[in-house]
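One file, data08.pdb, is given below (PDB, C-alpha atoms).
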MODEL        1
ATOM      1  CA  MET A  22     -86.119-137.051  76.299
ATOM      2  CA  LYS A  23     -82.322-137.137  76.454
ATOM      3  CA  THR A  24     -80.910-134.488  74.103
ATOM      4  CA  GLY A  25     -77.313-133.836  73.103
ATOM      5  CA  VAL A  26     -75.838-131.129  70.921
ATOM      6  CA  PHE A  27     -72.836-131.495  68.640
ATOM      7  CA  VAL A  28     -71.569-128.060  67.653
ATOM      8  CA  GLY A  29     -69.001-126.747  65.210
ATOM      9  CA  SER A  30     -68.406-124.733  62.084
ATOM     10  CA  PHE A  31     -68.304-127.952  60.036
ATOM     11  CA  ASN A  32     -66.430-126.275  57.215
ATOM     12  CA  PRO A  33     -66.638-128.911  55.799
ATOM     13  CA  PHE A  34     -68.380-131.753  57.650
ATOM     14  CA  THR A  35     -65.875-134.632  57.409
ATOM     15  CA  ILE A  36     -65.910-138.376  57.998
ATOM     16  CA  GLY A  37     -64.437-137.565  61.412
ATOM     17  CA  HIS A  38     -67.543-135.544  62.292
ATOM     18  CA  HIS A  39     -69.746-138.279  60.879
ATOM     19  CA  SER A  40     -67.998-140.823  63.099
ATOM     20  CA  ILE A  41     -68.718-138.739  66.203
ATOM     21  CA  VAL A  42     -72.400-138.387  65.244
ATOM     22  CA  THR A  43     -72.723-142.118  64.541
ATOM     23  CA  ARG A  44     -71.125-143.036  67.858
ATOM     24  CA  ALA A  45     -73.031-140.430  69.921
ATOM     25  CA  LEU A  46     -76.482-141.133  68.465
ATOM     26  CA  PRO A  47     -77.162-144.343  70.457
ATOM     27  CA  LEU A  48     -76.695-142.343  73.675
ATOM     28  CA  PHE A  49     -79.518-139.890  72.964
ATOM     29  CA  ASP A  50     -83.168-139.730  72.005
ATOM     30  CA  ARG A  51     -82.417-136.541  70.054
ATOM     31  CA  LEU A  52     -79.141-135.199  68.681
ATOM     32  CA  VAL A  53     -78.971-131.615  67.445
ATOM     33  CA  ILE A  54     -76.082-130.717  65.162
ATOM     34  CA  GLY A  55     -75.464-127.018  65.750
ATOM     35  CA  VAL A  56     -73.766-125.281  62.841
ATOM     36  CA  VAL A  57     -72.030-122.020  63.717
ATOM     37  CA  GLY A  58     -74.006-119.214  62.111
ATOM     38  CA  ASP A  59     -72.760-116.606  59.710
ATOM     39  CA  GLN A  60     -71.391-114.287  62.392
ATOM     40  CA  VAL A  61     -67.972-115.970  62.097
ATOM     41  CA  ASN A  62     -65.701-113.964  59.825
ATOM     42  CA  LYS A  63     -63.630-116.580  58.019
ATOM     43  CA  PRO A  64     -62.597-116.049  54.396
ATOM     44  CA  ASP A  65     -64.278-118.285  51.848
ATOM     45  CA  MET A  66     -66.526-119.963  54.443
ATOM     46  CA  PRO A  67     -69.803-121.149  52.934
ATOM     47  CA  THR A  68     -72.933-119.788  54.562
ATOM     48  CA  ALA A  69     -74.498-121.636  57.472
ATOM     49  CA  GLU A  70     -77.366-122.645  55.165
ATOM     50  CA  GLU A  71     -74.937-124.183  52.655
ATOM     51  CA  ARG A  72     -73.072-126.092  55.377
ATOM     52  CA  MET A  73     -76.346-127.221  56.947
ATOM     53  CA  ALA A  74     -77.790-128.441  53.641
ATOM     54  CA  SER A  75     -75.123-131.102  53.137
ATOM     55  CA  ILE A  76     -75.429-132.303  56.742
ATOM     56  CA  LYS A  77     -79.238-132.441  56.524
ATOM     57  CA  ALA A  78     -78.995-134.464  53.314
ATOM     58  CA  LEU A  79     -76.630-136.926  54.980
ATOM     59  CA  TYR A  80     -79.031-137.576  57.874
ATOM     60  CA  GLN A  81     -82.353-137.117  56.083
ATOM     61  CA  ASP A  82     -83.475-140.639  57.032
ATOM     62  CA  GLU A  83     -82.595-140.319  60.735
ATOM     63  CA  SER A  84     -85.507-138.716  62.602
ATOM     64  CA  ARG A  85     -83.531-138.319  65.835
ATOM     65  CA  ILE A  86     -81.062-135.891  64.221
ATOM     66  CA  GLU A  87     -81.830-132.208  63.709
ATOM     67  CA  VAL A  88     -79.510-129.683  62.076
ATOM     68  CA  LYS A  89     -79.793-126.054  63.171
ATOM     69  CA  PRO A  90     -77.719-122.885  63.051
ATOM     70  CA  TYR A  91     -76.542-121.394  66.297
ATOM     71  CA  TYR A  92     -75.221-118.008  67.274
ATOM     72  CA  GLY A  93     -73.240-117.161  70.370
ATOM     73  CA  LEU A  94     -72.111-119.643  72.987
ATOM     74  CA  ALA A  95     -72.513-123.399  72.643
ATOM     75  CA  ILE A  96     -73.777-123.525  76.238
ATOM     76  CA  ASP A  97     -76.609-121.124  75.368
ATOM     77  CA  PHE A  98     -77.486-123.233  72.331
ATOM     78  CA  ALA A  99     -77.535-126.375  74.505
ATOM     79  CA  ARG A 100     -79.908-124.716  76.985
ATOM     80  CA  GLN A 101     -82.097-123.406  74.139
ATOM     81  CA  GLU A 102     -82.422-126.976  72.825
ATOM     82  CA  GLY A 103     -83.079-128.459  76.274
ATOM     83  CA  ALA A 104     -79.837-130.433  76.079
ATOM     84  CA  HIS A 105     -77.845-131.500  79.114
ATOM     85  CA  PHE A 106     -74.908-132.710  77.031
ATOM     86  CA  ILE A 107     -72.505-131.097  74.578
ATOM     87  CA  ILE A 108     -70.694-133.673  72.432
ATOM     88  CA  LYS A 109     -67.174-132.902  71.255
ATOM     89  CA  GLY A 110     -64.668-134.905  69.251
ATOM     90  CA  VAL A 111     -61.049-135.111  70.393
ATOM     91  CA  ARG A 112     -58.179-136.081  68.073
ATOM     92  CA  SER A 113     -55.133-135.250  70.183
ATOM     93  CA  VAL A 114     -53.819-134.130  73.559
ATOM     94  CA  LYS A 115     -53.975-130.554  72.251
ATOM     95  CA  ASP A 116     -57.684-130.979  71.436
ATOM     96  CA  PHE A 117     -58.255-132.608  74.830
ATOM     97  CA  GLU A 118     -56.751-129.705  76.790
ATOM     98  CA  TYR A 119     -58.770-127.142  74.852
ATOM     99  CA  GLU A 120     -62.025-129.083  75.213
ATOM    100  CA  ARG A 121     -61.411-129.802  78.917
ATOM    101  CA  GLU A 122     -61.083-126.071  79.607
ATOM    102  CA  GLN A 123     -64.238-125.330  77.612
ATOM    103  CA  ALA A 124     -66.106-128.109  79.455
ATOM    104  CA  ASP A 125     -65.078-126.687  82.830
ATOM    105  CA  ILE A 126     -66.301-123.197  81.916
ATOM    106  CA  ASN A 127     -69.535-124.532  80.390
ATOM    107  CA  ARG A 128     -70.249-126.580  83.511
ATOM    108  CA  GLN A 129     -69.650-123.499  85.668
ATOM    109  CA  ILE A 130     -71.780-121.196  83.493
ATOM    110  CA  SER A 131     -74.621-123.722  83.389
ATOM    111  CA  GLY A 132     -74.593-124.269  87.135
ATOM    112  CA  GLY A 133     -73.641-127.881  86.543
ATOM    113  CA  THR A 134     -76.678-128.674  84.389
ATOM    114  CA  VAL A 135     -74.769-129.197  81.125
ATOM    115  CA  GLU A 136     -71.960-131.728  80.821
ATOM    116  CA  THR A 137     -69.509-132.167  77.962
ATOM    117  CA  LEU A 138     -69.080-135.640  76.538
ATOM    118  CA  LEU A 139     -65.726-136.151  74.823
ATOM    119  CA  LEU A 140     -65.495-138.851  72.179
ATOM    120  CA  PHE A 141     -62.023-139.732  71.006
ATOM    121  CA  ALA A 142     -61.432-139.935  67.283
ATOM    122  CA  GLU A 143     -61.083-143.373  65.811
ATOM    123  CA  PRO A 144     -57.326-143.882  65.222
ATOM    124  CA  GLN A 145     -57.659-144.026  61.429
ATOM    125  CA  LEU A 146     -59.506-140.672  61.482
ATOM    126  CA  SER A 147     -57.344-138.749  63.959
ATOM    127  CA  ALA A 148     -55.410-136.857  61.256
ATOM    128  CA  ILE A 149     -58.540-135.650  59.464
ATOM    129  CA  SER A 150     -59.627-132.088  60.114
ATOM    130  CA  SER A 151     -61.745-129.586  58.249
ATOM    131  CA  SER A 152     -58.748-127.285  57.838
ATOM    132  CA  MET A 153     -56.701-130.144  56.324
ATOM    133  CA  VAL A 154     -59.535-130.916  53.894
ATOM    134  CA  ARG A 155     -59.858-127.233  52.933
ATOM    135  CA  GLU A 156     -56.120-126.994  52.280
ATOM    136  CA  LEU A 157     -56.138-130.093  50.097
ATOM    137  CA  GLN A 158     -59.120-128.693  48.171
ATOM    138  CA  HIS A 159     -57.229-125.439  47.677
ATOM    139  CA  PHE A 160     -54.469-127.376  45.905
ATOM    140  CA  GLY A 161     -56.891-129.321  43.741
ATOM    141  CA  VAL A 162     -56.708-132.652  45.577
ATOM    142  CA  ASP A 163     -59.756-134.915  45.435
ATOM    143  CA  VAL A 164     -60.993-134.993  49.060
ATOM    144  CA  SER A 165     -63.958-137.325  48.566
ATOM    145  CA  GLU A 166     -62.332-140.017  50.726
ATOM    146  CA  PHE A 167     -62.486-137.591  53.686
ATOM    147  CA  MET A 168     -66.158-136.695  53.193
ATOM    148  CA  PRO A 169     -69.126-138.815  54.301
TER     149      PRO A 169
ENDMDL
END
Is it possible to give me this structure as structure tokens?
Amino acid sequence: MKTGVFVGSFNPFTIGHHSIVTRALPLFDRLVIGVVGDQVNKPDMPTAEERMASIKALYQDESRIEVKPYYGLAIDFARQEGAHFIIKGVRSVKDFEYEREQADINRQISGGTVETLLLFAEPQLSAISSSMVRELQHFGVDVSEFMP
């Protein structure tokens, strides 16, 4: 069974994240969405359970998708789930450089058994980020168009 993991804080899970999941799913028999657990100290961040609940509801009819919390390194979560692939979304050159460095370290730590698959954001979604959505929410803007 080919398993991939898609990890993040997903605070909140946006249409950009949804696009990555939709595009990655055909590549795998099983896709695990790993939601960073509550060990992250960010002000006003909903609990992992709250963030997971909305993602689970979105994919409730897709049996190949599982949503789980994870703690620690993404590479350890991938190994725990029996995944040989970590899926990451890339919106810009800045994102690419960061993710390339992470991929290199993860490949080294895993002994070459876990690869990172980078999926580039669809052009119309490249400006959407969780932090942008949170900021708009803070100022009372309706963000429903950015949410799946």
Task: Ground truth for the PyMOL selection byres ((chain A and resi 131-133) around 10), written as a count of residues only - done: 14
Task: Counting all atoms listed in the file, the option among A:Pro67, A:Pro47, A:Pro33, A:Gly55 closest to Arg155 in chain A - done: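 The closest residue to Arg155 in chain A is A:Pro33.
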Task: Å distance separating CA of Ala142 in chain A from CA of Tyr92 in chain A, one decimal place - done: 25.9 Å
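Going from CA of Glu122 in chain A over to CA of Ile76 in chain A, you cover 27.7 Å.
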- [ ] Would you mind reading off the distance between CA of Gly25 in chain A and CA of Val164 in chain A, one decimal, in Å?
- [x]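 Distance between the two atoms: 29.1 Å.
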- [ ] Could you check which of A:Phe141, A:Phe27, A:Phe167, A:Tyr119 is closest to Glu87 in chain A, using all atoms listed in the file?
- [x]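 When distances to Glu87 in chain A are compared using all atoms listed in the file, the smallest one comes from A:Phe27.
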Open item on the list: Given the PyMOL selection byres ((chain A and resi 83) around 12) and the file above, list the residues it selects as an NGL selection string.
Closed with: :A and (42-43 or 46-47 or 50-53 or 76-82 or 84-88)
Let's have the selection written as a compact mmCIF listing (two decimals), in the frame of the given file, with C-alpha atoms.
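Produced file selection38.txt, reproduced below:
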# COMPACT_ATOMS: atom_id res chain seq x y z
CA VAL A 42 -72.40 -138.39 65.24
CA THR A 43 -72.72 -142.12 64.54
CA LEU A 46 -76.48 -141.13 68.46
CA PRO A 47 -77.16 -144.34 70.46
CA ASP A 50 -83.17 -139.73 72.00
CA ARG A 51 -82.42 -136.54 70.05
CA LEU A 52 -79.14 -135.20 68.68
CA VAL A 53 -78.97 -131.62 67.44
CA ILE A 76 -75.43 -132.30 56.74
CA LYS A 77 -79.24 -132.44 56.52
CA ALA A 78 -79.00 -134.46 53.31
CA LEU A 79 -76.63 -136.93 54.98
CA TYR A 80 -79.03 -137.58 57.87
CA GLN A 81 -82.35 -137.12 56.08
CA ASP A 82 -83.48 -140.64 57.03
CA SER A 84 -85.51 -138.72 62.60
CA ARG A 85 -83.53 -138.32 65.83
CA ILE A 86 -81.06 -135.89 64.22
CA GLU A 87 -81.83 -132.21 63.71
CA VAL A 88 -79.51 -129.68 62.08
TODO: Name the residues that the PyMOL selection byres ((chain A and resi 29) around 8) pulls out of this structure, and write them as a ChimeraX atom specification.
DONE: /A:27-28,30-31,55-57
Task: Closest of A:Ser40, A:Gln101, A:Ser150, A:Gln145 to Pro169 in chain A - atom-to-atom distances counting only C-alpha atoms - done: A:Ser40
